[in-house]
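K.L.:
The structure file coords_34.cif (mmCIF, C-alpha atoms) is provided below.
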```cif
data_final
#
loop_
_atom_site.group_PDB
_atom_site.id
_atom_site.type_symbol
_atom_site.label_atom_id
_atom_site.label_comp_id
_atom_site.auth_asym_id
_atom_site.auth_seq_id
_atom_site.Cartn_x
_atom_site.Cartn_y
_atom_site.Cartn_z
ATOM 1 C CA MET A 1 115.097 66.060 100.772
ATOM 2 C CA THR A 2 115.688 68.869 103.267
ATOM 3 C CA LYS A 3 112.572 70.619 104.583
ATOM 4 C CA ILE A 4 112.655 74.343 105.441
ATOM 5 C CA CYS A 5 109.795 76.369 106.911
ATOM 6 C CA PHE A 6 109.261 80.103 106.545
ATOM 7 C CA ALA A 7 106.600 81.190 109.028
ATOM 8 C CA GLY A 8 105.040 84.641 108.917
ATOM 9 C CA LEU A 9 103.449 85.994 112.079
ATOM 10 C CA GLY A 10 100.155 87.841 112.159
ATOM 11 C CA ASN A 11 96.572 87.755 113.352
ATOM 12 C CA PRO A 12 93.831 85.976 111.402
ATOM 13 C CA GLY A 13 90.773 87.822 110.115
ATOM 14 C CA ASP A 14 89.994 90.752 107.832
ATOM 15 C CA LYS A 15 90.140 93.212 110.747
ATOM 16 C CA TYR A 16 93.935 92.731 110.967
ATOM 17 C CA LYS A 17 94.694 92.004 107.300
ATOM 18 C CA ASN A 18 96.758 95.109 106.414
ATOM 19 C CA THR A 19 98.011 96.106 109.847
ATOM 20 C CA ARG A 20 101.649 96.592 110.776
ATOM 21 C CA HIS A 21 101.489 93.547 113.056
ATOM 22 C CA ASN A 22 100.568 91.376 110.045
ATOM 23 C CA VAL A 23 103.741 92.049 108.063
ATOM 24 C CA GLY A 24 104.676 88.363 108.451
ATOM 25 C CA PHE A 25 101.409 87.165 106.880
ATOM 26 C CA ILE A 26 101.632 89.759 104.085
ATOM 27 C CA CYS A 27 105.198 88.698 103.303
ATOM 28 C CA ILE A 28 104.267 84.987 103.226
ATOM 29 C CA ASP A 29 101.408 85.769 100.796
ATOM 30 C CA TYR A 30 103.839 87.729 98.623
ATOM 31 C CA LEU A 31 106.296 84.792 98.597
ATOM 32 C CA SER A 32 103.504 82.351 97.776
ATOM 33 C CA ASN A 33 102.449 84.447 94.761
ATOM 34 C CA TYR A 34 106.016 85.086 93.627
ATOM 35 C CA PHE A 35 107.027 81.415 93.689
ATOM 36 C CA LYS A 36 103.565 80.248 92.494
ATOM 37 C CA PHE A 37 102.933 78.004 95.490
ATOM 38 C CA PRO A 38 99.633 76.059 95.565
ATOM 39 C CA ASP A 39 96.690 77.474 97.549
ATOM 40 C CA PHE A 40 97.066 77.430 101.323
ATOM 41 C CA ARG A 41 95.581 74.471 103.189
ATOM 42 C CA SER A 42 94.646 74.114 106.829
ATOM 43 C CA PHE A 43 96.585 72.021 109.329
ATOM 44 C CA LYS A 44 94.306 71.037 112.249
ATOM 45 C CA SER A 45 92.482 74.413 111.816
ATOM 46 C CA GLU A 46 95.474 76.036 113.549
ATOM 47 C CA MET A 47 97.834 76.705 110.651
ATOM 48 C CA ASP A 48 97.525 77.718 107.022
ATOM 49 C CA TYR A 49 100.355 76.228 104.997
ATOM 50 C CA SER A 50 101.534 75.785 101.458
ATOM 51 C CA TYR A 51 104.332 73.599 100.204
ATOM 52 C CA ASN A 52 106.497 73.540 97.096
ATOM 53 C CA GLU A 53 109.935 72.476 95.947
ATOM 54 C CA LEU A 54 112.461 75.273 95.608
ATOM 55 C CA LEU A 55 116.083 74.778 94.532
ATOM 56 C CA GLY A 56 115.904 71.077 95.392
ATOM 57 C CA THR A 57 114.497 71.750 98.868
ATOM 58 C CA SER A 58 111.002 71.208 100.299
ATOM 59 C CA VAL A 59 109.855 74.677 101.341
ATOM 60 C CA TYR A 60 106.821 75.268 103.537
ATOM 61 C CA LEU A 61 105.160 78.667 103.908
ATOM 62 C CA LEU A 62 103.284 78.909 107.204
ATOM 63 C CA LYS A 63 100.753 81.251 108.798
ATOM 64 C CA PRO A 64 99.749 80.305 112.373
ATOM 65 C CA MET A 65 96.016 80.991 112.805
ATOM 66 C CA SER A 66 96.166 81.158 116.590
ATOM 67 C CA TYR A 67 96.545 84.931 117.038
ATOM 68 C CA MET A 68 99.963 86.427 117.547
ATOM 69 C CA ASN A 69 100.452 85.728 121.260
ATOM 70 C CA ASN A 70 100.046 81.951 120.773
ATOM 71 C CA SER A 71 101.976 81.558 117.495
ATOM 72 C CA GLY A 72 104.365 79.011 118.979
ATOM 73 C CA ILE A 73 101.670 76.416 119.764
ATOM 74 C CA PRO A 74 100.555 75.536 116.196
ATOM 75 C CA LEU A 75 104.085 76.044 114.866
ATOM 76 C CA LYS A 76 105.507 73.461 117.292
ATOM 77 C CA LYS A 77 102.702 70.988 116.443
ATOM 78 C CA PHE A 78 103.276 71.442 112.700
ATOM 79 C CA MET A 79 107.053 71.085 112.928
ATOM 80 C CA ASP A 80 106.776 67.965 115.146
ATOM 81 C CA TYR A 81 104.115 66.381 112.914
ATOM 82 C CA ASN A 82 106.254 66.916 109.805
ATOM 83 C CA ASN A 83 109.508 65.917 111.525
ATOM 84 C CA ILE A 84 111.195 69.254 110.798
ATOM 85 C CA PRO A 85 113.877 70.400 113.262
ATOM 86 C CA VAL A 86 113.722 73.917 114.711
ATOM 87 C CA GLU A 87 117.047 74.652 112.942
ATOM 88 C CA ASN A 88 115.050 74.649 109.670
ATOM 89 C CA LEU A 89 112.516 77.251 110.827
ATOM 90 C CA ILE A 90 112.735 80.930 109.853
ATOM 91 C CA ILE A 91 110.246 83.371 111.370
ATOM 92 C CA ILE A 92 109.198 86.552 109.520
ATOM 93 C CA TYR A 93 107.690 89.229 111.747
ATOM 94 C CA ASP A 94 107.310 92.939 112.435
ATOM 95 C CA ASP A 95 109.810 94.866 114.538
ATOM 96 C CA ILE A 96 109.044 98.271 116.041
ATOM 97 C CA ASP A 97 112.758 98.933 116.681
ATOM 98 C CA ILE A 98 113.653 98.832 112.980
ATOM 99 C CA GLU A 99 112.776 101.662 110.613
ATOM 100 C CA THR A 100 109.877 100.996 108.240
ATOM 101 C CA GLY A 101 111.153 99.479 105.015
ATOM 102 C CA LYS A 102 114.337 98.027 106.524
ATOM 103 C CA LEU A 103 114.987 94.454 107.638
ATOM 104 C CA LYS A 104 117.389 92.489 109.781
ATOM 105 C CA ILE A 105 118.192 88.775 109.565
ATOM 106 C CA ARG A 106 119.352 86.996 112.730
ATOM 107 C CA LYS A 107 120.220 83.438 113.742
ATOM 108 C CA LYS A 108 118.935 83.773 117.299
ATOM 109 C CA GLY A 109 117.929 86.223 119.992
ATOM 110 C CA SER A 110 115.427 87.076 122.679
ATOM 111 C CA LYS A 111 111.789 87.911 122.002
ATOM 112 C CA GLY A 112 112.706 91.602 122.029
ATOM 113 C CA GLY A 113 109.282 92.582 123.351
ATOM 114 C CA HIS A 114 107.458 90.708 120.558
ATOM 115 C CA ASN A 115 104.800 88.402 122.033
ATOM 116 C CA GLY A 116 104.588 86.189 118.944
ATOM 117 C CA MET A 117 108.321 85.540 119.086
ATOM 118 C CA GLY A 118 107.994 85.035 122.855
ATOM 119 C CA SER A 119 105.425 82.278 122.307
ATOM 120 C CA ILE A 120 107.690 80.572 119.758
ATOM 121 C CA ILE A 121 110.753 80.700 122.036
ATOM 122 C CA GLU A 122 108.643 79.362 124.927
ATOM 123 C CA ASN A 123 107.188 76.465 122.896
ATOM 124 C CA PHE A 124 110.437 75.426 121.215
ATOM 125 C CA LYS A 125 112.403 76.019 124.443
ATOM 126 C CA THR A 126 115.253 77.822 122.663
ATOM 127 C CA GLU A 127 116.253 81.301 121.516
ATOM 128 C CA ASP A 128 118.231 79.719 118.647
ATOM 129 C CA ILE A 129 115.511 80.465 116.113
ATOM 130 C CA LYS A 130 116.314 82.105 112.790
ATOM 131 C CA ARG A 131 114.326 85.204 111.949
ATOM 132 C CA ILE A 132 113.749 87.960 109.432
ATOM 133 C CA ARG A 133 112.661 91.096 111.289
ATOM 134 C CA VAL A 134 110.770 93.587 109.142
ATOM 135 C CA GLY A 135 110.853 97.184 110.331
ATOM 136 C CA ILE A 136 107.573 98.947 111.144
ATOM 137 C CA GLY A 137 109.063 101.709 113.309
ATOM 138 C CA PRO A 138 109.485 104.150 114.708
ATOM 139 C CA LYS A 139 106.236 104.373 116.661
ATOM 140 C CA ARG A 140 104.736 107.850 116.627
ATOM 141 C CA GLU A 141 105.119 109.828 119.874
ATOM 142 C CA GLY A 142 102.073 109.652 122.119
ATOM 143 C CA THR A 143 100.680 106.568 120.355
ATOM 144 C CA ASP A 144 99.855 103.450 122.352
ATOM 145 C CA LEU A 145 102.015 100.518 121.176
ATOM 146 C CA SER A 146 99.116 98.107 120.578
ATOM 147 C CA ASP A 147 97.117 100.811 118.759
ATOM 148 C CA TYR A 148 100.145 101.493 116.569
ATOM 149 C CA VAL A 149 100.948 97.882 115.614
ATOM 150 C CA LEU A 150 97.268 97.122 114.975
ATOM 151 C CA SER A 151 96.805 100.131 112.686
ATOM 152 C CA ASP A 152 97.074 100.050 108.893
ATOM 153 C CA PHE A 153 100.091 101.306 106.973
ATOM 154 C CA SER A 154 99.840 104.717 105.344
ATOM 155 C CA LYS A 155 100.262 104.735 101.555
ATOM 156 C CA GLU A 156 103.853 106.051 101.943
ATOM 157 C CA GLU A 157 104.712 103.423 104.572
ATOM 158 C CA PHE A 158 103.315 100.631 102.412
ATOM 159 C CA GLU A 159 105.491 101.763 99.502
ATOM 160 C CA LYS A 160 108.525 101.462 101.796
ATOM 161 C CA ILE A 161 107.456 98.069 103.141
ATOM 162 C CA ASN A 162 106.803 96.842 99.602
ATOM 163 C CA LYS A 163 110.540 97.153 98.912
ATOM 164 C CA VAL A 164 111.128 94.572 101.659
ATOM 165 C CA PHE A 165 108.581 92.217 100.060
ATOM 166 C CA LYS A 166 110.279 92.597 96.694
ATOM 167 C CA VAL A 167 113.653 91.502 98.107
ATOM 168 C CA ALA A 168 112.124 88.702 100.251
ATOM 169 C CA PRO A 169 112.136 86.051 97.468
ATOM 170 C CA PHE A 170 115.869 86.585 96.936
ATOM 171 C CA ILE A 171 116.483 86.271 100.673
ATOM 172 C CA VAL A 172 114.505 83.011 100.693
ATOM 173 C CA GLU A 173 116.487 81.653 97.729
ATOM 174 C CA ASP A 174 119.780 82.620 99.390
ATOM 175 C CA ILE A 175 118.822 81.036 102.727
ATOM 176 C CA VAL A 176 117.685 77.844 100.965
ATOM 177 C CA SER A 177 120.732 77.557 98.691
ATOM 178 C CA LYS A 178 123.565 79.209 100.644
ATOM 179 C CA GLY A 179 122.422 79.368 104.270
ATOM 180 C CA ILE A 180 121.542 82.028 106.815
ATOM 181 C CA ASP A 181 125.116 83.292 107.312
ATOM 182 C CA PHE A 182 125.363 84.170 103.632
ATOM 183 C CA ALA A 183 121.963 85.906 103.740
ATOM 184 C CA MET A 184 122.937 87.874 106.864
ATOM 185 C CA SER A 185 126.183 89.132 105.300
ATOM 186 C CA LYS A 186 124.377 90.101 102.096
ATOM 187 C CA TYR A 187 121.189 91.768 103.427
ATOM 188 C CA ASN A 188 122.044 93.132 106.911
ATOM 189 C CA LYS A 189 123.309 96.467 105.602
#
```
Turn the structure described in the file into structure tokens.
P.N.:
Amino acid sequence: MTKICFAGLGNPGDKYKNTRHNVGFICIDYLSNYFKFPDFRSFKSEMDYSYNELLGTSVYLLKPMSYMNNSGIPLKKFMDYNNIPVENLIIIYDDIDIETGKLKIRKKGSKGGHNGMGSIIENFKTEDIKRIRVGIGPKREGTDLSDYVLSDFSKEEFEKINKVFKVAPFIVEDIVSKGIDFAMSKYNK
């Protein structure tokens, strides 16, 4: 049976729970609830993961617990341990260059200034990593980037971002059943 991993990026701990930078974690939790995945378990204290069968495929939901800048280290260990090729990894993370409430699916690319993605590219030694970029931009003028990404969403922003979470299960189903190219043509509008 094919194994596919959807990994959300974020920072562990209550301090970061609802911040813009934790969109990946929030999305993974939403997917877990939507598809009724079992409770998350720990892999070597470095990764929270849950596993279920979806459309005849083994689907893993992952949350690296290493802090954003080192996300690639536990991800690489988990993928190697479970014999899952990098081609079957999809990263979900925040993107400052995309408007809040919008998303963009890509098959590959640079880190684009995102340190979590940078760590993943460095550890897997390739930019050919599928991703779902969730918009958290634009950054407010005069705001420090790290202050902005580590701040909580406003009520209005969270309503916008919630629309992304609501479409995320359909994106996952389409990627699992029809592939990333189909998902890109359908959702990259």
K.L.:
What does the distance from atom CA of A:Ile136 to atom CA of A:Leu150 come to in Å, to one decimal?
P.N.:
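Computed distance, atom CA of A:Ile136 to atom CA of A:Leu150, equals 11.1 Å.
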K.L.:
Using the chain letters and residue numbers of this document, give as a PyMOL selection string the residues selected by the PyMOL selection byres ((chain A and resi 68) around 7).
P.N.:
chain A and resi 9-11+66-67+69-71+115-116
K.L.:
Using the chain letters and numbers from the file, give me the residues hit by the PyMOL selection byres ((chain A and resi 6) around 7), as a PyMOL selection string.
P.N.:
chain A and resi 4-5+7-8+60-62+89-91
K.L.:
Record the distance separating atom CA of A:Asp144 and atom CA of A:Ser110, expressed in Å with one decimal.
P.N.:
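Taking atom CA of A:Asp144 and atom CA of A:Ser110, their separation equals 22.6 Å.
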K.L.:
For the interface of stretch 81-171 of chain A with stretch 23-44 of chain A (cut-off 6 Å, counting all atoms listed in the file), please tabulate each contacting residue of stretch 81-171 of chain A alongside its nearest pair of atoms and their separation in Å to one decimal, rows sorted by chain and increasing number, as JSON lines.
P.N.:
```
{"residue": "A:Ile92", "atom": "CA", "partner": "A:Gly24", "partner_atom": "CA", "distance": 5.0}
{"residue": "A:Tyr93", "atom": "CA", "partner": "A:Gly24", "partner_atom": "CA", "distance": 4.5}
{"residue": "A:Asp94", "atom": "CA", "partner": "A:Val23", "partner_atom": "CA", "distance": 5.7}
{"residue": "A:Phe165", "atom": "CA", "partner": "A:Cys27", "partner_atom": "CA", "distance": 5.9}
```
K.L.:
Pick from A:Val134, A:Met47, A:Met79, A:Ile84: nearest to A:Ile96, with only C-alpha atoms counted?
P.N.:
A:Val134
K.L.:
I need the residue set behind the PyMOL selection byres ((chain A and resi 186) around 12) for this file; please write it as JSON, numbers by chain.
P.N.:
{"A": [103, 104, 105, 167, 170, 171, 174, 175, 178, 179, 180, 181, 182, 183, 184, 185, 187, 188, 189]}
K.L.:
Of the candidates A:Thr19, A:Pro64, A:Asn83, A:Asp95, which shows the shortest atom-to-atom distance to A:Ser151, using all atoms listed in the file?
P.N.:
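The closest residue to A:Ser151 is A:Thr19.
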K.L.:
Would you please work out which residue, of A:Asn123, A:Gly56, A:Gly101, A:His114, is nearest to A:Leu75 when using only C-alpha atoms?
P.N.:
A:Asn123
K.L.:
Step by step, gather every atom of stretch 93-102 of chain A that the file lists, find the box along x, y and z that holds them, add 5 Å on each side, and finally give centre and edge lengths in Å to one decimal, as AutoDock Vina command-line options.
P.N.:
```
--center_x 110.8 --center_y 95.4 --center_z 110.8 --size_x 17.0 --size_y 22.4 --size_z 21.7
```
K.L.:
Using all atoms listed in the file for the distances, tell me which of A:Ile129, A:Ser177, A:Ser154, A:Glu53 is nearest to A:Lys111.
P.N.:
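That would be A:Ile129, the residue with the smallest distance to A:Lys111.
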K.L.:
Suppose you want the space between atom CA of A:Ile120 and atom CA of A:Val86; what is it in Å?
P.N.:
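It comes out at 10.3 Å.
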K.L.:
Around (110.0, 65.3, 105.9), as given in the file, which residues come within 9 Å? Count only C-alpha atoms and list them as number ranges by chain.
P.N.:
A: 1-3, 58, 82-84
K.L.:
Based on the selection just made, write C-alpha atoms of those residues as an mmCIF file, keeping the file's coordinate frame.
P.N.:
```cif
data_model
loop_
_atom_site.group_PDB
_atom_site.id
_atom_site.type_symbol
_atom_site.label_atom_id
_atom_site.label_comp_id
_atom_site.auth_asym_id
_atom_site.auth_seq_id
_atom_site.Cartn_x
_atom_site.Cartn_y
_atom_site.Cartn_z
ATOM 1 C CA MET A 1 115.097 66.060 100.772
ATOM 2 C CA THR A 2 115.688 68.869 103.267
ATOM 3 C CA LYS A 3 112.572 70.619 104.583
ATOM 4 C CA SER A 58 111.002 71.208 100.299
ATOM 5 C CA ASN A 82 106.254 66.916 109.805
ATOM 6 C CA ASN A 83 109.508 65.917 111.525
ATOM 7 C CA ILE A 84 111.195 69.254 110.798
#
```
